[in-house]
>>> print(open('start-v2.csv').read())   # CSV, C-alpha atoms
chain,number,residue,atom,x,y,z
J,1,MET,CA,0.0,0.0,0.0
J,2,SER,CA,1.4,3.3,-1.0
J,3,LEU,CA,2.1,5.8,1.8
J,4,ALA,CA,2.4,8.8,-0.5
J,5,VAL,CA,0.0,11.7,0.3
J,6,ILE,CA,-1.6,13.4,-2.7
J,7,ARG,CA,-1.9,17.2,-2.2
J,8,SER,CA,-4.6,18.2,-4.6
J,9,HIS,CA,-5.3,21.7,-5.9
J,10,ALA,CA,-8.4,23.2,-4.5
J,11,SER,CA,-10.0,23.2,-8.0
J,12,ARG,CA,-8.9,19.7,-9.0
J,13,ALA,CA,-12.2,18.0,-8.3
J,14,ALA,CA,-14.2,20.7,-10.0
J,15,LEU,CA,-12.0,20.6,-13.1
J,16,SER,CA,-12.3,16.9,-13.3
J,17,GLU,CA,-16.0,17.1,-13.1
J,18,GLU,CA,-16.1,19.8,-15.8
J,19,MET,CA,-14.4,17.4,-18.2
J,20,HIS,CA,-17.3,14.9,-17.9
J,21,VAL,CA,-20.3,17.2,-18.2
J,22,ARG,CA,-22.0,18.3,-21.4
J,23,ARG,CA,-22.6,14.8,-22.7
J,24,LEU,CA,-25.6,12.6,-23.3
J,25,PRO,CA,-25.8,9.0,-22.3
J,26,ARG,CA,-25.2,6.5,-25.1
J,27,PHE,CA,-28.2,5.6,-27.2
J,28,ALA,CA,-29.0,4.2,-30.6
J,29,ALA,CA,-31.7,4.8,-33.1
J,30,PRO,CA,-34.7,4.5,-33.0
J,31,CYS,CA,-35.0,7.0,-30.2
J,32,ARG,CA,-36.9,10.2,-29.3
J,33,LEU,CA,-35.5,13.1,-27.3
J,34,MET,CA,-36.8,16.4,-26.1
J,35,GLN,CA,-34.6,19.3,-24.9
J,36,ILE,CA,-35.8,22.3,-23.0
J,37,VAL,CA,-33.5,25.3,-22.5
J,38,THR,CA,-34.3,27.8,-19.7
J,39,LEU,CA,-32.7,31.2,-19.4
J,40,LEU,CA,-31.6,31.6,-15.8
J,41,GLY,CA,-29.4,34.7,-15.7
J,42,GLU,CA,-26.1,34.8,-13.9
J,43,ASN,CA,-27.6,34.3,-10.4
J,44,GLY,CA,-30.2,31.6,-11.2
J,45,GLY,CA,-28.0,28.5,-10.8
J,46,ASP,CA,-29.0,27.7,-7.3
J,47,ALA,CA,-32.7,27.7,-8.1
J,48,ALA,CA,-32.0,25.3,-11.0
J,49,ARG,CA,-30.1,23.0,-8.8
J,50,ASP,CA,-32.8,23.0,-6.1
J,51,HIS,CA,-35.3,22.1,-8.8
J,52,ILE,CA,-33.4,19.1,-10.1
J,53,GLU,CA,-32.7,17.9,-6.6
J,54,LEU,CA,-36.4,17.9,-5.9
J,55,LEU,CA,-36.9,15.7,-9.0
J,56,ALA,CA,-34.0,13.5,-8.0
J,57,GLN,CA,-35.8,12.5,-4.8
J,58,SER,CA,-38.1,10.1,-6.8
J,59,ALA,CA,-35.6,9.0,-9.5
J,60,GLN,CA,-32.8,6.6,-10.0
J,61,LEU,CA,-29.5,8.5,-9.7
J,62,LEU,CA,-27.6,7.4,-12.8
J,63,VAL,CA,-25.2,10.3,-12.2
J,64,PRO,CA,-25.7,12.0,-8.8
J,65,VAL,CA,-26.7,15.7,-8.8
J,66,ALA,CA,-23.6,17.9,-8.9
J,67,ALA,CA,-23.2,21.6,-9.3
J,68,LYS,CA,-23.6,21.5,-13.1
J,69,TYR,CA,-24.7,18.0,-14.2
J,70,ALA,CA,-27.0,15.2,-13.3
J,71,VAL,CA,-28.5,12.1,-15.0
J,72,LEU,CA,-31.8,10.8,-13.5
J,73,GLY,CA,-33.7,7.6,-14.4
J,74,PHE,CA,-37.5,7.7,-14.7
J,75,ASP,CA,-38.2,4.4,-16.3
J,76,PRO,CA,-38.4,4.4,-19.3
J,77,VAL,CA,-37.4,8.1,-19.7
J,78,THR,CA,-33.9,9.4,-18.8
J,79,LEU,CA,-33.5,13.0,-17.8
J,80,VAL,CA,-30.2,14.7,-18.3
J,81,TRP,CA,-29.8,18.1,-16.6
J,82,GLU,CA,-26.9,20.5,-17.2
J,83,ARG,CA,-26.3,24.0,-16.0
J,84,HIS,CA,-24.4,26.6,-17.9
J,85,THR,CA,-23.4,30.1,-17.1
J,86,GLU,CA,-26.7,31.7,-18.1
J,87,PHE,CA,-29.0,28.8,-18.9
J,88,ALA,CA,-29.8,25.2,-18.0
J,89,THR,CA,-30.8,22.3,-20.3
J,90,TYR,CA,-33.3,19.5,-19.5
J,91,THR,CA,-32.9,16.7,-22.0
J,92,LEU,CA,-35.5,13.8,-21.9
J,93,LEU,CA,-34.4,10.6,-23.7
J,94,LEU,CA,-36.9,7.8,-24.6
J,95,PRO,CA,-35.4,4.9,-26.5
J,96,GLY,CA,-37.4,2.5,-28.7
J,97,ALA,CA,-39.5,2.4,-31.8
J,98,PHE,CA,-42.2,4.9,-32.4
J,99,ASP,CA,-45.0,5.8,-34.8
J,100,ALA,CA,-45.6,9.6,-34.1
J,101,ARG,CA,-42.3,11.2,-34.5
J,102,PHE,CA,-43.1,14.6,-32.9
J,103,ASP,CA,-45.6,14.2,-30.0
J,104,PRO,CA,-44.7,15.6,-26.6
J,105,ASP,CA,-47.3,13.3,-24.9
J,106,HIS,CA,-44.8,10.5,-25.2
J,107,PHE,CA,-42.8,12.1,-22.4
J,108,GLU,CA,-45.7,12.4,-20.0
J,109,PRO,CA,-46.1,12.4,-17.1
J,110,LEU,CA,-42.4,13.3,-16.5
J,111,LEU,CA,-42.6,16.3,-18.8
J,112,ALA,CA,-45.3,17.9,-16.6
J,113,ARG,CA,-43.2,17.3,-13.5
J,114,VAL,CA,-40.2,18.8,-15.1
J,115,MET,CA,-42.1,21.9,-16.2
J,116,ASN,CA,-43.7,22.3,-12.8
J,117,GLY,CA,-41.6,24.9,-10.9
J,118,MET,CA,-38.9,25.0,-13.5
J,119,PRO,CA,-36.9,28.2,-12.9
J,120,GLY,CA,-36.2,30.7,-15.6
J,121,ASP,CA,-37.9,31.3,-18.9
J,122,ILE,CA,-37.8,28.8,-21.8
J,123,ILE,CA,-35.6,30.2,-24.6
J,124,ARG,CA,-35.6,27.0,-26.7
J,125,ALA,CA,-37.5,23.7,-26.7
J,126,THR,CA,-37.0,21.0,-29.3
J,127,GLN,CA,-38.3,17.6,-30.1
J,128,ILE,CA,-35.8,15.2,-31.7
J,129,ALA,CA,-36.6,12.0,-33.6
J,130,CYS,CA,-33.7,9.6,-34.4
J,131,VAL,CA,-34.7,7.2,-37.1
J,132,ALA,CA,-32.9,3.8,-37.5
J,133,ARG,CA,-30.9,3.1,-40.6
J,134,ASP,CA,-33.3,0.3,-41.8
J,135,ALA,CA,-36.3,2.7,-41.8
J,136,ALA,CA,-37.6,4.3,-44.9
J,137,ASP,CA,-36.6,7.9,-45.6
J,138,PRO,CA,-39.5,10.4,-45.1
J,139,THR,CA,-41.4,11.2,-48.3
J,140,PRO,CA,-41.8,14.8,-49.5
J,141,GLU,CA,-45.4,14.6,-48.3
J,142,GLU,CA,-44.3,13.6,-44.8
J,143,GLN,CA,-41.7,16.3,-44.8
J,144,ALA,CA,-44.3,18.9,-45.7
J,145,VAL,CA,-46.4,17.8,-42.7
J,146,TRP,CA,-43.6,18.1,-40.2
J,147,PHE,CA,-41.6,21.1,-41.7
J,148,ASP,CA,-42.1,24.3,-43.6
J,149,ALA,CA,-41.2,23.4,-47.2
J,150,GLU,CA,-39.8,26.9,-47.8
J,151,ALA,CA,-37.5,26.8,-44.8
J,152,THR,CA,-36.5,23.1,-44.5
J,153,VAL,CA,-32.8,22.5,-44.0
J,154,ILE,CA,-31.6,19.1,-45.2
J,155,CYS,CA,-27.9,18.1,-45.1
J,156,ASP,CA,-25.6,15.2,-44.4
J,157,VAL,CA,-23.6,15.4,-41.1
J,158,ALA,CA,-20.8,13.4,-39.5
J,159,ASP,CA,-19.2,12.8,-42.8
J,160,GLY,CA,-22.3,11.2,-44.2
J,161,ALA,CA,-23.0,8.9,-41.3
J,162,ALA,CA,-26.3,10.7,-40.7
J,163,ARG,CA,-28.7,13.2,-42.3
J,164,MET,CA,-30.6,15.9,-40.4
J,165,LEU,CA,-33.9,17.7,-41.3
J,166,SER,CA,-35.4,20.7,-39.6
J,167,ASP,CA,-37.0,24.0,-40.4
J,168,PHE,CA,-35.9,25.6,-37.0
J,169,ARG,CA,-39.4,27.1,-36.6
J,170,LEU,CA,-41.5,27.3,-33.5
J,171,ASN,CA,-44.5,25.0,-34.0
J,172,PRO,CA,-48.0,25.5,-32.6
J,173,ASP,CA,-47.2,23.0,-29.8
J,174,GLY,CA,-44.4,25.3,-28.6
J,175,TYR,CA,-41.5,23.0,-29.8
J,176,GLY,CA,-39.1,23.0,-32.7
J,177,ARG,CA,-38.5,19.8,-34.6
J,178,LEU,CA,-35.3,18.0,-35.6
J,179,LEU,CA,-35.2,14.7,-37.5
J,180,VAL,CA,-32.0,12.7,-37.6
J,181,LEU,CA,-31.7,9.8,-40.0
J,182,ASP,CA,-29.1,7.2,-39.0
J,183,ARG,CA,-27.0,6.2,-42.0
J,184,ASP,CA,-24.0,4.5,-40.4
J,185,MET,CA,-23.5,5.6,-36.8
J,186,ALA,CA,-22.1,3.5,-34.0
J,187,GLY,CA,-21.2,3.7,-30.4
J,188,ASP,CA,-21.3,7.2,-29.0
J,189,GLU,CA,-21.8,8.8,-32.4
J,190,PRO,CA,-25.6,9.3,-32.1
J,191,ALA,CA,-25.4,10.9,-28.7
J,192,GLN,CA,-22.4,13.1,-29.8
J,193,LEU,CA,-24.2,14.2,-33.0
J,194,VAL,CA,-27.4,15.1,-31.2
J,195,LEU,CA,-25.4,17.0,-28.6
J,196,ARG,CA,-23.6,19.0,-31.2
J,197,LEU,CA,-26.7,19.8,-33.1
J,198,GLN,CA,-28.4,21.0,-29.9
J,199,GLU,CA,-25.4,23.0,-28.7
J,200,LEU,CA,-25.3,24.7,-32.1
J,201,GLY,CA,-28.9,25.7,-31.8
J,202,ASN,CA,-28.7,26.7,-28.1
J,203,TYR,CA,-25.6,28.8,-28.5
J,204,ARG,CA,-27.0,30.3,-31.7
J,205,ASN,CA,-30.2,31.4,-29.8
J,206,MET,CA,-28.1,32.8,-26.9
J,207,ALA,CA,-25.9,34.7,-29.3
J,208,LEU,CA,-29.1,36.2,-30.9
J,209,LEU,CA,-30.1,37.7,-27.5
J,210,GLY,CA,-27.8,40.6,-28.1
J,211,LEU,CA,-29.6,41.6,-31.3
J,212,PRO,CA,-32.8,43.0,-29.8
J,213,LEU,CA,-30.8,45.0,-27.3
J,214,ALA,CA,-28.6,46.5,-30.0
J,215,GLN,CA,-31.7,47.3,-32.2
J,216,ARG,CA,-33.5,48.9,-29.2
J,217,LEU,CA,-30.6,51.1,-28.2
J,218,THR,CA,-29.3,52.1,-31.7
J,219,PRO,CA,-31.7,55.2,-31.9
J,220,VAL,CA,-30.4,56.3,-28.4
J,221,VAL,CA,-26.8,56.0,-29.6
J,222,THR,CA,-27.7,57.9,-32.8
J,223,GLY,CA,-29.2,60.7,-30.7
J,224,LEU,CA,-26.1,61.0,-28.5
J,225,GLU,CA,-23.9,60.9,-31.6
J,226,GLY,CA,-25.8,63.9,-33.1
J,227,ARG,CA,-25.6,65.8,-29.8
J,228,LEU,CA,-21.9,65.1,-29.6
J,229,ALA,CA,-21.4,66.5,-33.1
J,230,ASP,CA,-23.2,69.7,-32.1
J,231,LEU,CA,-21.2,70.1,-29.0
J,232,THR,CA,-17.9,69.6,-30.9
J,233,GLN,CA,-18.9,72.3,-33.3
J,234,ALA,CA,-19.8,74.6,-30.5
J,235,VAL,CA,-16.4,74.0,-28.9
J,236,SER,CA,-14.6,74.9,-32.2
J,237,GLU,CA,-16.8,78.0,-32.9
J,238,ARG,CA,-16.9,79.3,-29.3
J,239,THR,CA,-20.6,80.1,-29.5
J,240,THR,CA,-21.5,78.8,-26.1
J,241,LYS,CA,-20.1,79.4,-22.6
J,242,ASP,CA,-17.5,77.0,-21.5
J,243,ASP,CA,-19.2,76.0,-18.3
J,244,GLN,CA,-22.4,75.2,-20.1
J,245,LEU,CA,-20.6,73.1,-22.7
J,246,LEU,CA,-18.7,71.3,-20.0
J,247,ASP,CA,-22.0,70.4,-18.2
J,248,GLU,CA,-23.5,69.0,-21.4
J,249,LEU,CA,-20.4,67.0,-22.2
J,250,THR,CA,-20.3,65.6,-18.7
J,251,TYR,CA,-24.0,64.5,-19.0
J,252,LEU,CA,-23.3,63.0,-22.4
J,253,SER,CA,-20.3,61.1,-21.2
J,254,ALA,CA,-22.3,59.8,-18.2
J,255,GLU,CA,-25.0,58.5,-20.6
J,256,LEU,CA,-22.4,56.8,-22.8
J,257,ALA,CA,-20.8,55.2,-19.7
J,258,ARG,CA,-24.2,53.9,-18.7
J,259,LEU,CA,-24.9,52.4,-22.1
J,260,VAL,CA,-21.5,50.7,-22.2
J,261,ALA,CA,-22.1,49.2,-18.7
J,262,GLU,CA,-25.6,48.1,-19.7
J,263,THR,CA,-24.6,46.4,-23.0
J,264,ARG,CA,-21.0,45.3,-22.5
J,265,TYR,CA,-21.7,41.9,-21.0
J,266,ARG,CA,-24.5,41.0,-23.5
J,267,MET,CA,-22.4,42.0,-26.5
J,268,SER,CA,-19.3,40.1,-25.2
J,269,ALA,CA,-21.5,37.1,-24.6
J,270,THR,CA,-22.9,37.3,-28.1
J,271,ARG,CA,-19.4,37.2,-29.5
J,272,ALA,CA,-18.5,34.2,-27.3
J,273,TYR,CA,-21.7,32.3,-28.1
J,274,ALA,CA,-21.3,33.0,-31.8
J,275,GLN,CA,-17.8,31.6,-31.8
J,276,ILE,CA,-18.9,28.5,-30.0
J,277,SER,CA,-21.7,28.0,-32.5
J,278,MET,CA,-19.2,28.3,-35.4
J,279,ASP,CA,-17.0,25.7,-33.7
J,280,ARG,CA,-19.9,23.3,-33.3
J,281,LEU,CA,-20.8,23.9,-36.9
J,282,ALA,CA,-17.4,23.0,-38.1
J,283,SER,CA,-17.3,19.8,-35.9
J,284,LEU,CA,-20.5,18.5,-37.6
J,285,LYS,CA,-18.7,17.9,-40.9
J,286,ILE,CA,-21.6,18.9,-43.0
J,287,GLY,CA,-22.3,17.7,-46.6
J,288,GLY,CA,-24.8,19.2,-48.9
J,289,VAL,CA,-27.9,17.6,-50.3
J,290,ARG,CA,-28.8,18.8,-53.8
J,291,GLY,CA,-31.8,21.1,-53.9
J,292,HIS,CA,-31.7,22.0,-50.2
J,293,GLN,CA,-29.9,24.5,-48.0
J,294,THR,CA,-27.4,23.1,-45.6
J,295,LEU,CA,-27.1,23.8,-41.9
J,296,PHE,CA,-24.0,25.9,-42.6
J,297,ASP,CA,-26.0,28.0,-45.1
J,298,PHE,CA,-28.8,28.5,-42.6
J,299,THR,CA,-26.5,29.4,-39.7
J,300,GLU,CA,-24.3,31.7,-41.7
J,301,ARG,CA,-27.1,33.6,-43.2
J,302,ARG,CA,-29.0,34.2,-39.9
J,303,LEU,CA,-26.3,34.2,-37.2
J,304,LEU,CA,-23.5,36.2,-38.8
J,305,PRO,CA,-25.5,39.3,-39.7
J,306,ALA,CA,-26.9,39.5,-36.2
J,307,VAL,CA,-23.4,39.1,-34.7
J,308,ARG,CA,-22.0,41.7,-37.0
J,309,THR,CA,-24.8,44.1,-36.0
J,310,CYS,CA,-23.9,43.6,-32.4
J,311,ASP,CA,-20.2,44.1,-33.1
J,312,SER,CA,-21.0,47.3,-35.1
J,313,PHE,CA,-23.1,48.6,-32.2
J,314,SER,CA,-20.3,47.9,-29.7
J,315,THR,CA,-17.7,49.5,-31.9
J,316,ARG,CA,-19.9,52.5,-32.5
J,317,LEU,CA,-20.5,53.0,-28.8
J,318,GLU,CA,-16.8,52.8,-28.1
J,319,ASP,CA,-16.0,55.2,-30.9
J,320,ILE,CA,-18.5,57.8,-29.6
J,321,SER,CA,-17.1,57.4,-26.1
J,322,GLN,CA,-13.7,58.0,-27.4
J,323,ARG,CA,-14.8,61.1,-29.4
J,324,ALA,CA,-16.6,62.4,-26.3
J,325,ALA,CA,-13.4,62.1,-24.3
J,326,TRP,CA,-11.5,63.9,-27.1
J,327,THR,CA,-14.1,66.7,-27.2
J,328,SER,CA,-13.9,67.0,-23.4
J,329,GLU,CA,-10.2,67.2,-23.5
J,330,LEU,CA,-10.3,70.0,-26.2
J,331,LEU,CA,-12.8,71.9,-24.1
J,332,ARG,CA,-10.6,71.6,-21.0
J,333,THR,CA,-7.6,72.7,-23.0
J,334,ARG,CA,-9.5,75.7,-24.1
J,335,VAL,CA,-10.5,76.5,-20.5
J,336,ASP,CA,-6.9,76.0,-19.3
J,337,ILE,CA,-5.7,78.4,-22.0
J,338,ALA,CA,-8.3,81.0,-21.0
J,339,LEU,CA,-7.3,80.6,-17.3
J,340,ALA,CA,-3.6,81.0,-18.3
J,341,THR,CA,-4.4,84.2,-20.2
J,342,GLN,CA,-6.3,85.6,-17.2
J,343,ASN,CA,-3.5,84.7,-14.9
J,344,ARG,CA,-1.0,86.4,-17.3
J,345,ASP,CA,-3.1,89.6,-17.4
J,346,LEU,CA,-3.5,89.5,-13.6
J,347,LEU,CA,0.3,89.2,-13.1
J,348,SER,CA,0.9,92.0,-15.6
J,349,SER,CA,-1.6,94.2,-13.7
J,350,MET,CA,0.1,93.3,-10.4
J,351,ASP,CA,3.5,94.1,-11.9
J,352,ARG,CA,2.3,97.6,-13.0
J,353,ARG,CA,0.9,98.2,-9.5
J,354,THR,CA,4.1,97.1,-7.9
J,355,HIS,CA,6.1,99.4,-10.2
J,356,LEU,CA,3.7,102.3,-9.3
J,357,GLN,CA,4.1,101.6,-5.6
J,358,LEU,CA,7.8,101.6,-6.0
J,359,ARG,CA,7.7,105.0,-7.7
J,360,LEU,CA,5.5,106.3,-4.9
J,361,GLN,CA,7.8,104.9,-2.3
J,362,GLN,CA,10.8,106.6,-4.0
J,363,ALA,CA,8.9,109.9,-4.0
J,364,VAL,CA,8.1,109.5,-0.3
J,365,GLU,CA,11.7,108.8,0.4
J,366,GLY,CA,12.7,112.0,-1.4
J,367,LEU,CA,10.2,114.0,0.6
J,368,SER,CA,11.5,112.2,3.7
J,369,VAL,CA,15.0,113.5,2.9
J,370,VAL,CA,13.7,117.0,2.7
J,371,ALA,CA,11.6,116.7,5.9
J,372,ILE,CA,14.4,115.1,7.9
J,373,SER,CA,17.0,117.6,6.6
J,374,TYR,CA,14.7,120.5,7.5
J,375,TYR,CA,14.4,119.4,11.1
J,376,LEU,CA,18.1,118.6,11.4
J,377,VAL,CA,19.0,122.0,10.0
J,378,ALA,CA,16.7,123.6,12.6
J,379,LEU,CA,18.4,121.6,15.3
J,380,VAL,CA,21.8,122.7,14.0
J,381,GLY,CA,20.6,126.3,14.0
J,382,TYR,CA,19.7,126.0,17.6
J,383,MET,CA,23.1,124.7,18.4
J,384,LEU,CA,25.0,127.3,16.4
J,385,GLY,CA,22.9,130.1,17.8
J,386,VAL,CA,24.6,129.9,21.2
J,387,ILE,CA,28.1,130.5,19.7
J,388,PRO,CA,29.0,134.2,20.1
J,389,GLY,CA,30.3,136.1,17.2
J,390,LEU,CA,29.1,133.6,14.6
J,391,ARG,CA,27.0,134.8,11.8
J,392,HIS,CA,23.9,132.7,12.3
J,393,ASP,CA,22.5,133.0,8.8
J,394,LEU,CA,25.7,132.1,7.1
J,395,ALA,CA,26.2,129.0,9.3
J,396,MET,CA,22.7,127.8,8.6
J,397,ALA,CA,23.2,128.2,4.9
J,398,LEU,CA,26.4,126.2,5.0
J,399,ALA,CA,24.8,123.5,7.2
J,400,VAL,CA,21.9,122.8,4.7
J,401,PRO,CA,23.9,121.0,2.0
J,402,LEU,CA,25.9,119.0,4.6
J,403,VAL,CA,22.8,117.8,6.4
J,404,VAL,CA,21.0,116.9,3.1
J,405,ALA,CA,24.1,114.9,2.0
J,406,CYS,CA,24.3,113.1,5.2
J,407,VAL,CA,20.6,112.2,5.3
J,408,THR,CA,20.7,111.1,1.7
J,409,LEU,CA,23.8,108.8,2.3
J,410,ALA,CA,22.2,107.4,5.4
J,411,LEU,CA,19.0,106.5,3.5
J,412,LEU,CA,20.9,104.9,0.6
J,413,ARG,CA,22.9,102.8,3.0
J,414,LEU,CA,19.8,101.7,4.8
J,415,ARG,CA,18.1,100.7,1.4
J,416,ARG,CA,21.3,98.8,0.5
J,417,LYS,CA,21.2,96.8,3.7
J,418,LEU,CA,17.5,96.0,3.3
J,419,HIS,CA,18.2,94.7,-0.3
J,420,GLU,CA,21.0,92.5,1.0
>>> encode(input="start-v2.csv", output="structure tokens")
Amino acid sequence: MSLAVIRSHASRAALSEEMHVRRLPRFAAPCRLMQIVTLLGENGGDAARDHIELLAQSAQLLVPVAAKYAVLGFDPVTLVWERHTEFATYTLLLPGAFDARFDPDHFEPLLARVMNGMPGDIIRATQIACVARDAADPTPEEQAVWFDAEATVICDVADGAARMLSDFRLNPDGYGRLLVLDRDMAGDEPAQLVLRLQELGNYRNMALLGLPLAQRLTPVVTGLEGRLADLTQAVSERTTKDDQLLDELTYLSAELARLVAETRYRMSATRAYAQISMDRLASLKIGGVRGHQTLFDFTERRLLPAVRTCDSFSTRLEDISQRAAWTSELLRTRVDIALATQNRDLLSSMDRRTHLQLRLQQAVEGLSVVAISYYLVALVGYMLGVIPGLRHDLAMALAVPLVVACVTLALLRLRRKLHE
């Protein structure tokens, strides 16, 4: 017995389980299937699991209920449940020969139990009939009863090992119809083929969810685009006040940001689902049947224009957002230039005022010299007046220039020290 201890990664078990989901139990024609796809949203997974666990209480657990996958036995019907990111699939499998190829009553009473309390809204429901290789091909009259003659898709799949027929329309009973004719399939090939055909249809429908959103919001984006053009012209022509333009641009940018947040997930999901659909289409190895459109023709003609519309909508929204950012940057640059000009004028005005104050200060200094000299001369006169025999008027006259010179030199020295 090995004593080695395996230290598993926290996600190891989940990753191993993920590799084994998205498959159908092995079956062989003749067989009937029904698949119901419910749209859950991102937070509806728990409700879907609670629903399947309730059904599992009275079923044989062929594969126990896990986070994303379960296979339940309700003799003679097998129920395969699978949860995806946004939707869940309920596939009912009933093996054995049959007469009525598209009759939902064959799956009762289990179908009613599955429908009862099923979370989410049904986005796709399909009845599938797998016909054995020894059965006769349907006649044109039978095809006309089951499918719309103008929209019927007939092509070989799996390198000619099978042929599929469908018109991909919603019939009055609420289900689509898919007929698979076994030509030379063996082992897991029937289950794999039906799974790929259904995944193609399911992912195609999920990809198309983005189209109504893009169509609904396109007029809104057109209106914002026109308003942005007007604002850009107003910025270039200076016909509106800057603060008013900035308010309008801020509102427009906020609306664009809201639209981007509202549509980004759905548009990204549309691209991802479309890519998966094209991958499934390539894996079917389709061959044409003369006189009929193939599954590739049908998918390419209907899916790709919708996906390109969604891509165009996303690109247009991003382009308008970028243009709004550029216009806002131009307006802010214009405002910055205006502020710089105002600051320059203000500094020039302050410089002129400072120069004027300096001149006034110099004038005051000159008057101060006169005033100080006047009082000093008066003091000198008082001192000279006590000297006997001295001509007072002559002495005063001689003292004036000396006093003025001394005061002037003292002020100049004081100014020099203050500058230093």
>>> residues_around(input="start-v2.csv", residues="Glu108 of chain J", least_positions_apart="5", cutoff="10 Å", atoms="all atoms listed in the file", output="list in words")
Val77, Arg113 and Val114 of chain J
>>> residues_near_point(input="start-v2.csv", point="(-29.1, 17.6, -17.7)", cutoff="8 Å", atoms="all atoms listed in the file", output="list of chain:residue names")
J:Tyr69, J:Ala70, J:Val71, J:Leu79, J:Val80, J:Trp81, J:Glu82, J:Arg83, J:Ala88, J:Thr89, J:Tyr90, J:Thr91
>>> closest_residue(input="start-v2.csv", among="J:Ile320, J:Leu24, J:Ile122, J:Ala135", to="Ala191 of chain J", atoms="all atoms listed in the file")
J:Leu24
>>> residues_around(input="start-v2.csv", residues="Ser253 of chain J", least_positions_apart="5", cutoff="8 Å", atoms="all atoms listed in the file", output="PyMOL selection string")
chain J and resi 321+324-325
>>> write_last_selection(input="start-v2.csv", atoms="C-alpha atoms", output="PDB file, in the frame of the given file")
ATOM      1  CA  SER J 321     -17.100  57.400 -26.100  1.00  0.00           C
ATOM      2  CA  ALA J 324     -16.600  62.400 -26.300  1.00  0.00           C
ATOM      3  CA  ALA J 325     -13.400  62.100 -24.300  1.00  0.00           C
TER       4      ALA J 325
END
>>> closest_residue(input="start-v2.csv", among="J:Ser348, J:Gln275, J:Gln342, J:Thr232", to="Arg323 of chain J", atoms="only C-alpha atoms")
J:Thr232
>>> closest_atom_pairs(input="start-v2.csv", of="segment 100-141 of chain J", to="segment 193-216 of chain J", cutoff="12 Å", atoms="all atoms listed in the file", output="JSON lines")
{"residue": "J:Ile122", "atom": "CA", "partner": "J:Asn202", "partner_atom": "CA", "distance": 11.3}
{"residue": "J:Ile123", "atom": "CA", "partner": "J:Asn205", "partner_atom": "CA", "distance": 7.6}
{"residue": "J:Arg124", "atom": "CA", "partner": "J:Asn202", "partner_atom": "CA", "distance": 7.0}
{"residue": "J:Ala125", "atom": "CA", "partner": "J:Asn202", "partner_atom": "CA", "distance": 9.4}
{"residue": "J:Thr126", "atom": "CA", "partner": "J:Gln198", "partner_atom": "CA", "distance": 8.6}
{"residue": "J:Gln127", "atom": "CA", "partner": "J:Gln198", "partner_atom": "CA", "distance": 10.5}
{"residue": "J:Ile128", "atom": "CA", "partner": "J:Val194", "partner_atom": "CA", "distance": 8.4}
{"residue": "J:Ala129", "atom": "CA", "partner": "J:Val194", "partner_atom": "CA", "distance": 10.0}
{"residue": "J:Cys130", "atom": "CA", "partner": "J:Val194", "partner_atom": "CA", "distance": 9.0}
>>> residues_near_point(input="start-v2.csv", point="(-42.6, 26.6, -27.4)", cutoff="12 Å", atoms="only C-alpha atoms", output="VMD selection string")
chain J and resid 34 to 38 104 121 to 127 168 to 177
>>> atom_distance(input="start-v2.csv", atom1="atom CA of Thr222 of chain J", atom2="atom CA of Ala269 of chain J")
23.2 Å
>>> residues_around(input="start-v2.csv", residues="Phe298 of chain J", least_positions_apart="2", cutoff="10 Å", atoms="only C-alpha atoms", output="PDB file with C-alpha atoms, in the frame of the given file")
ATOM      1  CA  ALA J 151     -37.500  26.800 -44.800  1.00  0.00           C
ATOM      2  CA  THR J 152     -36.500  23.100 -44.500  1.00  0.00           C
ATOM      3  CA  VAL J 153     -32.800  22.500 -44.000  1.00  0.00           C
ATOM      4  CA  ASP J 167     -37.000  24.000 -40.400  1.00  0.00           C
ATOM      5  CA  PHE J 168     -35.900  25.600 -37.000  1.00  0.00           C
ATOM      6  CA  GLN J 293     -29.900  24.500 -48.000  1.00  0.00           C
ATOM      7  CA  THR J 294     -27.400  23.100 -45.600  1.00  0.00           C
ATOM      8  CA  LEU J 295     -27.100  23.800 -41.900  1.00  0.00           C
ATOM      9  CA  PHE J 296     -24.000  25.900 -42.600  1.00  0.00           C
ATOM     10  CA  GLU J 300     -24.300  31.700 -41.700  1.00  0.00           C
ATOM     11  CA  ARG J 301     -27.100  33.600 -43.200  1.00  0.00           C
ATOM     12  CA  ARG J 302     -29.000  34.200 -39.900  1.00  0.00           C
ATOM     13  CA  LEU J 303     -26.300  34.200 -37.200  1.00  0.00           C
TER      14      LEU J 303
END
>>> closest_residue(input="start-v2.csv", among="J:Ala186, J:Leu165, J:Ala136, J:Leu402", to="Ala29 of chain J", atoms="all atoms listed in the file")
J:Ala186
>>> closest_residue(input="start-v2.csv", among="J:Ile276, J:Ala132, J:Leu346, J:Met118", to="Gly44 of chain J", atoms="only C-alpha atoms")
J:Met118
>>> atom_distance(input="start-v2.csv", atom1="atom CA of Arg227 of chain J", atom2="atom CA of Ile337 of chain J")
24.8 Å
>>> atom_distance(input="start-v2.csv", atom1="atom CA of Pro219 of chain J", atom2="atom CA of Leu245 of chain J")
23.0 Å
